[in-house]
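K.L.:
Sharing a structure below in structure tokens format, with a few things to ask.
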Amino acid sequence: NDPDADRFGIVDETGAYLTPNQVLALVYVHLLEHRGLKGGVARTVATTGLLDAIAAKHKQEVIETPVGFKWLGAAIEQQGAI
């Protein structure tokens, strides 16, 4: 991964590669449906709209930020995104 960890790769047990956007969607679904957390999702303009669809299904807010951890971190910290 890179220094702020916004680019990463995941390989499953079969060797299939999951993109960062796929992993982010899986993590958000897990937090909502399996961990029972409630809250919106913060994403940058460069991140998948799949998160918007998941948030809409669960009636949660989408907070879109410019690219950069300082913007994303502020959305999480100040607006309560999970």
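By convention in this document, the chains of the structure tokens carry letters A, B, ... by their order, each chain's residues are numbered from 1, and ligands are numbered from 1 in the order they are shown.
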Let's see if you can do this: from backbone DSSP, list all helix (DSSP H, G or I) residues in stretch 2-75 of chain A, as a PDB file with all heavy atoms, in the first residue's frame.

P.N.:
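Everything below was put into states-v2.pdb:
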ATOM      1  N   PRO A  20      -9.731  -2.098  -4.646  1.00  0.00           N
ATOM      2  CA  PRO A  20     -10.034  -1.331  -3.439  1.00  0.00           C
ATOM      3  C   PRO A  20     -11.507  -0.939  -3.343  1.00  0.00           C
ATOM      4  O   PRO A  20     -12.097  -0.993  -2.260  1.00  0.00           O
ATOM      5  CB  PRO A  20      -9.137  -0.102  -3.568  1.00  0.00           C
ATOM      6  CG  PRO A  20      -7.967  -0.597  -4.356  1.00  0.00           C
ATOM      7  CD  PRO A  20      -8.564  -1.560  -5.351  1.00  0.00           C
ATOM      8  N   ASN A  21     -12.128  -0.570  -4.457  1.00  0.00           N
ATOM      9  CA  ASN A  21     -13.546  -0.196  -4.418  1.00  0.00           C
ATOM     10  C   ASN A  21     -14.436  -1.375  -4.024  1.00  0.00           C
ATOM     11  O   ASN A  21     -15.421  -1.201  -3.311  1.00  0.00           O
ATOM     12  CB  ASN A  21     -13.987   0.394  -5.759  1.00  0.00           C
ATOM     13  CG  ASN A  21     -13.492   1.814  -5.942  1.00  0.00           C
ATOM     14  OD1 ASN A  21     -13.403   2.589  -4.985  1.00  0.00           O
ATOM     15  ND2 ASN A  21     -13.172   2.168  -7.166  1.00  0.00           N
ATOM     16  N   GLN A  22     -14.108  -2.570  -4.476  1.00  0.00           N
ATOM     17  CA  GLN A  22     -14.872  -3.749  -4.071  1.00  0.00           C
ATOM     18  C   GLN A  22     -14.709  -4.011  -2.573  1.00  0.00           C
ATOM     19  O   GLN A  22     -15.677  -4.317  -1.881  1.00  0.00           O
ATOM     20  CB  GLN A  22     -14.417  -4.984  -4.859  1.00  0.00           C
ATOM     21  CG  GLN A  22     -14.788  -4.951  -6.318  1.00  0.00           C
ATOM     22  CD  GLN A  22     -14.112  -6.059  -7.092  1.00  0.00           C
ATOM     23  OE1 GLN A  22     -12.922  -6.319  -6.948  1.00  0.00           O
ATOM     24  NE2 GLN A  22     -14.887  -6.725  -7.952  1.00  0.00           N
ATOM     25  N   VAL A  23     -13.487  -3.869  -2.082  1.00  0.00           N
ATOM     26  CA  VAL A  23     -13.226  -4.099  -0.659  1.00  0.00           C
ATOM     27  C   VAL A  23     -13.959  -3.066   0.196  1.00  0.00           C
ATOM     28  O   VAL A  23     -14.569  -3.409   1.215  1.00  0.00           O
ATOM     29  CB  VAL A  23     -11.711  -4.094  -0.368  1.00  0.00           C
ATOM     30  CG1 VAL A  23     -11.446  -4.189   1.125  1.00  0.00           C
ATOM     31  CG2 VAL A  23     -11.031  -5.244  -1.108  1.00  0.00           C
ATOM     32  N   LEU A  24     -13.933  -1.803  -0.218  1.00  0.00           N
ATOM     33  CA  LEU A  24     -14.635  -0.764   0.537  1.00  0.00           C
ATOM     34  C   LEU A  24     -16.129  -1.054   0.626  1.00  0.00           C
ATOM     35  O   LEU A  24     -16.745  -0.889   1.683  1.00  0.00           O
ATOM     36  CB  LEU A  24     -14.399   0.608  -0.098  1.00  0.00           C
ATOM     37  CG  LEU A  24     -12.977   1.138  -0.009  1.00  0.00           C
ATOM     38  CD1 LEU A  24     -12.825   2.397  -0.847  1.00  0.00           C
ATOM     39  CD2 LEU A  24     -12.574   1.379   1.431  1.00  0.00           C
ATOM     40  N   ALA A  25     -16.721  -1.499  -0.472  1.00  0.00           N
ATOM     41  CA  ALA A  25     -18.145  -1.845  -0.459  1.00  0.00           C
ATOM     42  C   ALA A  25     -18.408  -3.015   0.484  1.00  0.00           C
ATOM     43  O   ALA A  25     -19.366  -2.983   1.267  1.00  0.00           O
ATOM     44  CB  ALA A  25     -18.617  -2.179  -1.875  1.00  0.00           C
ATOM     45  N   LEU A  26     -17.568  -4.025   0.439  1.00  0.00           N
ATOM     46  CA  LEU A  26     -17.732  -5.177   1.335  1.00  0.00           C
ATOM     47  C   LEU A  26     -17.603  -4.779   2.806  1.00  0.00           C
ATOM     48  O   LEU A  26     -18.365  -5.237   3.656  1.00  0.00           O
ATOM     49  CB  LEU A  26     -16.712  -6.259   0.998  1.00  0.00           C
ATOM     50  CG  LEU A  26     -16.933  -7.004  -0.314  1.00  0.00           C
ATOM     51  CD1 LEU A  26     -15.712  -7.862  -0.636  1.00  0.00           C
ATOM     52  CD2 LEU A  26     -18.189  -7.845  -0.249  1.00  0.00           C
ATOM     53  N   VAL A  27     -16.644  -3.923   3.101  1.00  0.00           N
ATOM     54  CA  VAL A  27     -16.456  -3.474   4.487  1.00  0.00           C
ATOM     55  C   VAL A  27     -17.671  -2.682   4.959  1.00  0.00           C
ATOM     56  O   VAL A  27     -18.160  -2.885   6.078  1.00  0.00           O
ATOM     57  CB  VAL A  27     -15.159  -2.644   4.629  1.00  0.00           C
ATOM     58  CG1 VAL A  27     -15.097  -1.943   5.980  1.00  0.00           C
ATOM     59  CG2 VAL A  27     -13.941  -3.532   4.440  1.00  0.00           C
ATOM     60  N   TYR A  28     -18.194  -1.791   4.120  1.00  0.00           N
ATOM     61  CA  TYR A  28     -19.362  -0.987   4.511  1.00  0.00           C
ATOM     62  C   TYR A  28     -20.581  -1.885   4.751  1.00  0.00           C
ATOM     63  O   TYR A  28     -21.274  -1.734   5.758  1.00  0.00           O
ATOM     64  CB  TYR A  28     -19.648   0.083   3.453  1.00  0.00           C
ATOM     65  CG  TYR A  28     -20.679   1.100   3.880  1.00  0.00           C
ATOM     66  CD1 TYR A  28     -20.659   1.673   5.141  1.00  0.00           C
ATOM     67  CD2 TYR A  28     -21.677   1.502   3.010  1.00  0.00           C
ATOM     68  CE1 TYR A  28     -21.607   2.606   5.531  1.00  0.00           C
ATOM     69  CE2 TYR A  28     -22.623   2.446   3.380  1.00  0.00           C
ATOM     70  CZ  TYR A  28     -22.584   2.998   4.638  1.00  0.00           C
ATOM     71  OH  TYR A  28     -23.532   3.922   5.024  1.00  0.00           O
ATOM     72  N   VAL A  29     -20.823  -2.837   3.870  1.00  0.00           N
ATOM     73  CA  VAL A  29     -21.932  -3.785   4.081  1.00  0.00           C
ATOM     74  C   VAL A  29     -21.716  -4.563   5.379  1.00  0.00           C
ATOM     75  O   VAL A  29     -22.651  -4.753   6.167  1.00  0.00           O
ATOM     76  CB  VAL A  29     -22.075  -4.752   2.881  1.00  0.00           C
ATOM     77  CG1 VAL A  29     -23.006  -5.904   3.218  1.00  0.00           C
ATOM     78  CG2 VAL A  29     -22.579  -4.002   1.658  1.00  0.00           C
ATOM     79  N   HIS A  30     -20.513  -5.003   5.613  1.00  0.00           N
ATOM     80  CA  HIS A  30     -20.213  -5.751   6.846  1.00  0.00           C
ATOM     81  C   HIS A  30     -20.518  -4.906   8.082  1.00  0.00           C
ATOM     82  O   HIS A  30     -21.155  -5.395   9.032  1.00  0.00           O
ATOM     83  CB  HIS A  30     -18.756  -6.201   6.852  1.00  0.00           C
ATOM     84  CG  HIS A  30     -18.334  -6.846   8.128  1.00  0.00           C
ATOM     85  ND1 HIS A  30     -18.751  -8.110   8.495  1.00  0.00           N
ATOM     86  CD2 HIS A  30     -17.563  -6.394   9.147  1.00  0.00           C
ATOM     87  CE1 HIS A  30     -18.245  -8.404   9.686  1.00  0.00           C
ATOM     88  NE2 HIS A  30     -17.516  -7.378  10.095  1.00  0.00           N
ATOM     89  N   LEU A  31     -20.079  -3.664   8.079  1.00  0.00           N
ATOM     90  CA  LEU A  31     -20.320  -2.801   9.237  1.00  0.00           C
ATOM     91  C   LEU A  31     -21.814  -2.582   9.477  1.00  0.00           C
ATOM     92  O   LEU A  31     -22.273  -2.603  10.616  1.00  0.00           O
ATOM     93  CB  LEU A  31     -19.619  -1.453   9.053  1.00  0.00           C
ATOM     94  CG  LEU A  31     -18.097  -1.485   9.060  1.00  0.00           C
ATOM     95  CD1 LEU A  31     -17.532  -0.111   8.707  1.00  0.00           C
ATOM     96  CD2 LEU A  31     -17.570  -1.959  10.402  1.00  0.00           C
ATOM     97  N   LEU A  32     -22.572  -2.391   8.409  1.00  0.00           N
ATOM     98  CA  LEU A  32     -24.009  -2.144   8.533  1.00  0.00           C
ATOM     99  C   LEU A  32     -24.792  -3.406   8.877  1.00  0.00           C
ATOM    100  O   LEU A  32     -25.637  -3.394   9.782  1.00  0.00           O
ATOM    101  CB  LEU A  32     -24.556  -1.548   7.229  1.00  0.00           C
ATOM    102  CG  LEU A  32     -24.093  -0.143   6.872  1.00  0.00           C
ATOM    103  CD1 LEU A  32     -24.513   0.186   5.445  1.00  0.00           C
ATOM    104  CD2 LEU A  32     -24.637   0.888   7.843  1.00  0.00           C
ATOM    105  N   GLU A  33     -24.531  -4.477   8.150  1.00  0.00           N
ATOM    106  CA  GLU A  33     -25.382  -5.661   8.250  1.00  0.00           C
ATOM    107  C   GLU A  33     -24.904  -6.698   9.266  1.00  0.00           C
ATOM    108  O   GLU A  33     -25.722  -7.440   9.803  1.00  0.00           O
ATOM    109  CB  GLU A  33     -25.519  -6.317   6.880  1.00  0.00           C
ATOM    110  CG  GLU A  33     -26.244  -5.426   5.874  1.00  0.00           C
ATOM    111  CD  GLU A  33     -26.443  -6.076   4.523  1.00  0.00           C
ATOM    112  OE1 GLU A  33     -26.124  -7.279   4.348  1.00  0.00           O
ATOM    113  OE2 GLU A  33     -26.924  -5.368   3.610  1.00  0.00           O
ATOM    114  N   HIS A  34     -23.627  -6.772   9.508  1.00  0.00           N
ATOM    115  CA  HIS A  34     -23.116  -7.810  10.401  1.00  0.00           C
ATOM    116  C   HIS A  34     -22.651  -7.271  11.751  1.00  0.00           C
ATOM    117  O   HIS A  34     -22.749  -7.974  12.750  1.00  0.00           O
ATOM    118  CB  HIS A  34     -21.983  -8.596   9.723  1.00  0.00           C
ATOM    119  CG  HIS A  34     -22.431  -9.248   8.456  1.00  0.00           C
ATOM    120  ND1 HIS A  34     -23.139 -10.434   8.435  1.00  0.00           N
ATOM    121  CD2 HIS A  34     -22.322  -8.865   7.171  1.00  0.00           C
ATOM    122  CE1 HIS A  34     -23.430 -10.756   7.191  1.00  0.00           C
ATOM    123  NE2 HIS A  34     -22.941  -9.824   6.396  1.00  0.00           N
ATOM    124  N   LEU A  50     -20.801   2.713  -5.848  1.00  0.00           N
ATOM    125  CA  LEU A  50     -21.441   1.556  -5.230  1.00  0.00           C
ATOM    126  C   LEU A  50     -21.729   1.836  -3.759  1.00  0.00           C
ATOM    127  O   LEU A  50     -22.737   1.384  -3.219  1.00  0.00           O
ATOM    128  CB  LEU A  50     -20.557   0.314  -5.390  1.00  0.00           C
ATOM    129  CG  LEU A  50     -21.075  -0.998  -4.805  1.00  0.00           C
ATOM    130  CD1 LEU A  50     -22.452  -1.348  -5.350  1.00  0.00           C
ATOM    131  CD2 LEU A  50     -20.083  -2.110  -5.077  1.00  0.00           C
ATOM    132  N   LEU A  51     -20.865   2.606  -3.109  1.00  0.00           N
ATOM    133  CA  LEU A  51     -21.109   2.972  -1.712  1.00  0.00           C
ATOM    134  C   LEU A  51     -22.391   3.781  -1.573  1.00  0.00           C
ATOM    135  O   LEU A  51     -23.121   3.636  -0.594  1.00  0.00           O
ATOM    136  CB  LEU A  51     -19.922   3.747  -1.148  1.00  0.00           C
ATOM    137  CG  LEU A  51     -18.630   2.949  -0.991  1.00  0.00           C
ATOM    138  CD1 LEU A  51     -17.481   3.867  -0.616  1.00  0.00           C
ATOM    139  CD2 LEU A  51     -18.796   1.832   0.011  1.00  0.00           C
ATOM    140  N   ASP A  52     -22.695   4.614  -2.568  1.00  0.00           N
ATOM    141  CA  ASP A  52     -23.936   5.403  -2.546  1.00  0.00           C
ATOM    142  C   ASP A  52     -25.153   4.479  -2.577  1.00  0.00           C
ATOM    143  O   ASP A  52     -26.136   4.706  -1.861  1.00  0.00           O
ATOM    144  CB  ASP A  52     -24.000   6.341  -3.748  1.00  0.00           C
ATOM    145  CG  ASP A  52     -22.855   7.345  -3.786  1.00  0.00           C
ATOM    146  OD1 ASP A  52     -21.701   6.962  -3.540  1.00  0.00           O
ATOM    147  OD2 ASP A  52     -23.132   8.514  -4.070  1.00  0.00           O
ATOM    148  N   ALA A  53     -25.091   3.455  -3.418  1.00  0.00           N
ATOM    149  CA  ALA A  53     -26.206   2.511  -3.529  1.00  0.00           C
ATOM    150  C   ALA A  53     -26.404   1.750  -2.223  1.00  0.00           C
ATOM    151  O   ALA A  53     -27.542   1.526  -1.788  1.00  0.00           O
ATOM    152  CB  ALA A  53     -25.968   1.544  -4.688  1.00  0.00           C
ATOM    153  N   ILE A  54     -25.321   1.349  -1.593  1.00  0.00           N
ATOM    154  CA  ILE A  54     -25.411   0.628  -0.318  1.00  0.00           C
ATOM    155  C   ILE A  54     -25.993   1.552   0.746  1.00  0.00           C
ATOM    156  O   ILE A  54     -26.890   1.160   1.503  1.00  0.00           O
ATOM    157  CB  ILE A  54     -24.030   0.090   0.100  1.00  0.00           C
ATOM    158  CG1 ILE A  54     -23.546  -0.959  -0.900  1.00  0.00           C
ATOM    159  CG2 ILE A  54     -24.079  -0.479   1.517  1.00  0.00           C
ATOM    160  CD1 ILE A  54     -22.072  -1.305  -0.779  1.00  0.00           C
ATOM    161  N   ALA A  55     -25.504   2.789   0.803  1.00  0.00           N
ATOM    162  CA  ALA A  55     -26.021   3.752   1.770  1.00  0.00           C
ATOM    163  C   ALA A  55     -27.515   4.001   1.539  1.00  0.00           C
ATOM    164  O   ALA A  55     -28.295   4.039   2.497  1.00  0.00           O
ATOM    165  CB  ALA A  55     -25.243   5.063   1.680  1.00  0.00           C
ATOM    166  N   ALA A  56     -27.922   4.155   0.288  1.00  0.00           N
ATOM    167  CA  ALA A  56     -29.338   4.395  -0.020  1.00  0.00           C
ATOM    168  C   ALA A  56     -30.199   3.223   0.434  1.00  0.00           C
ATOM    169  O   ALA A  56     -31.277   3.424   1.012  1.00  0.00           O
ATOM    170  CB  ALA A  56     -29.516   4.643  -1.512  1.00  0.00           C
ATOM    171  N   LYS A  57     -29.743   2.014   0.195  1.00  0.00           N
ATOM    172  CA  LYS A  57     -30.498   0.821   0.615  1.00  0.00           C
ATOM    173  C   LYS A  57     -30.717   0.812   2.127  1.00  0.00           C
ATOM    174  O   LYS A  57     -31.755   0.367   2.607  1.00  0.00           O
ATOM    175  CB  LYS A  57     -29.746  -0.442   0.194  1.00  0.00           C
ATOM    176  CG  LYS A  57     -30.393  -1.726   0.670  1.00  0.00           C
ATOM    177  CD  LYS A  57     -29.590  -2.947   0.303  1.00  0.00           C
ATOM    178  CE  LYS A  57     -30.239  -4.179   0.930  1.00  0.00           C
ATOM    179  NZ  LYS A  57     -29.412  -5.355   0.829  1.00  0.00           N
ATOM    180  N   PHE A  69      -6.769  12.520   2.336  1.00  0.00           N
ATOM    181  CA  PHE A  69      -7.174  12.021   3.635  1.00  0.00           C
ATOM    182  C   PHE A  69      -7.621  13.130   4.570  1.00  0.00           C
ATOM    183  O   PHE A  69      -8.491  12.917   5.416  1.00  0.00           O
ATOM    184  CB  PHE A  69      -6.065  11.193   4.294  1.00  0.00           C
ATOM    185  CG  PHE A  69      -6.541  10.543   5.558  1.00  0.00           C
ATOM    186  CD1 PHE A  69      -7.350   9.427   5.504  1.00  0.00           C
ATOM    187  CD2 PHE A  69      -6.218  11.078   6.795  1.00  0.00           C
ATOM    188  CE1 PHE A  69      -7.828   8.841   6.667  1.00  0.00           C
ATOM    189  CE2 PHE A  69      -6.687  10.497   7.957  1.00  0.00           C
ATOM    190  CZ  PHE A  69      -7.494   9.376   7.889  1.00  0.00           C
ATOM    191  N   LYS A  70      -7.056  14.339   4.444  1.00  0.00           N
ATOM    192  CA  LYS A  70      -7.476  15.408   5.354  1.00  0.00           C
ATOM    193  C   LYS A  70      -8.962  15.708   5.185  1.00  0.00           C
ATOM    194  O   LYS A  70      -9.641  16.002   6.155  1.00  0.00           O
ATOM    195  CB  LYS A  70      -6.629  16.661   5.179  1.00  0.00           C
ATOM    196  CG  LYS A  70      -6.878  17.446   3.915  1.00  0.00           C
ATOM    197  CD  LYS A  70      -6.041  18.705   3.902  1.00  0.00           C
ATOM    198  CE  LYS A  70      -6.373  19.584   2.720  1.00  0.00           C
ATOM    199  NZ  LYS A  70      -5.647  20.842   2.760  1.00  0.00           N
ATOM    200  N   TRP A  71      -9.486  15.598   3.969  1.00  0.00           N
ATOM    201  CA  TRP A  71     -10.913  15.840   3.738  1.00  0.00           C
ATOM    202  C   TRP A  71     -11.741  14.657   4.224  1.00  0.00           C
ATOM    203  O   TRP A  71     -12.773  14.830   4.868  1.00  0.00           O
ATOM    204  CB  TRP A  71     -11.178  16.077   2.253  1.00  0.00           C
ATOM    205  CG  TRP A  71     -10.375  17.191   1.689  1.00  0.00           C
ATOM    206  CD1 TRP A  71      -9.337  17.076   0.805  1.00  0.00           C
ATOM    207  CD2 TRP A  71     -10.491  18.577   1.983  1.00  0.00           C
ATOM    208  NE1 TRP A  71      -8.816  18.310   0.528  1.00  0.00           N
ATOM    209  CE2 TRP A  71      -9.505  19.255   1.235  1.00  0.00           C
ATOM    210  CE3 TRP A  71     -11.345  19.319   2.792  1.00  0.00           C
ATOM    211  CZ2 TRP A  71      -9.362  20.642   1.279  1.00  0.00           C
ATOM    212  CZ3 TRP A  71     -11.187  20.703   2.831  1.00  0.00           C
ATOM    213  CH2 TRP A  71     -10.216  21.339   2.087  1.00  0.00           C
ATOM    214  N   LEU A  72     -11.287  13.464   3.908  1.00  0.00           N
ATOM    215  CA  LEU A  72     -12.011  12.260   4.307  1.00  0.00           C
ATOM    216  C   LEU A  72     -11.999  12.110   5.830  1.00  0.00           C
ATOM    217  O   LEU A  72     -13.016  11.811   6.442  1.00  0.00           O
ATOM    218  CB  LEU A  72     -11.388  11.040   3.635  1.00  0.00           C
ATOM    219  CG  LEU A  72     -12.158   9.746   3.726  1.00  0.00           C
ATOM    220  CD1 LEU A  72     -13.536   9.879   3.100  1.00  0.00           C
ATOM    221  CD2 LEU A  72     -11.391   8.638   3.047  1.00  0.00           C
ATOM    222  N   GLY A  73     -10.850  12.340   6.432  1.00  0.00           N
ATOM    223  CA  GLY A  73     -10.740  12.249   7.891  1.00  0.00           C
ATOM    224  C   GLY A  73     -11.660  13.231   8.590  1.00  0.00           C
ATOM    225  O   GLY A  73     -12.298  12.907   9.590  1.00  0.00           O
ATOM    226  N   ALA A  74     -11.741  14.438   8.063  1.00  0.00           N
ATOM    227  CA  ALA A  74     -12.634  15.449   8.651  1.00  0.00           C
ATOM    228  C   ALA A  74     -14.091  15.021   8.540  1.00  0.00           C
ATOM    229  O   ALA A  74     -14.875  15.212   9.476  1.00  0.00           O
ATOM    230  CB  ALA A  74     -12.424  16.797   7.970  1.00  0.00           C
ATOM    231  N   ALA A  75     -14.477  14.418   7.425  1.00  0.00           N
ATOM    232  CA  ALA A  75     -15.866  13.950   7.268  1.00  0.00           C
ATOM    233  C   ALA A  75     -16.197  12.859   8.269  1.00  0.00           C
ATOM    234  O   ALA A  75     -17.283  12.836   8.841  1.00  0.00           O
ATOM    235  CB  ALA A  75     -16.086  13.445   5.838  1.00  0.00           C
TER     236      ALA A  75
END

K.L.:
Among chain A, which residues carry a DSSP assignment of strand (DSSP E or B), reported as a ChimeraX atom specification?

P.N.:
/A:10-11,17-18,41-44,62-65

K.L.:
What does the distance from atom CA of A:Arg35 to atom CA of A:Thr19 come to in Å, to one decimal?

P.N.:
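Taking atom CA of A:Arg35 as the start and atom CA of A:Thr19 as the end point, the length is 22.5 Å.
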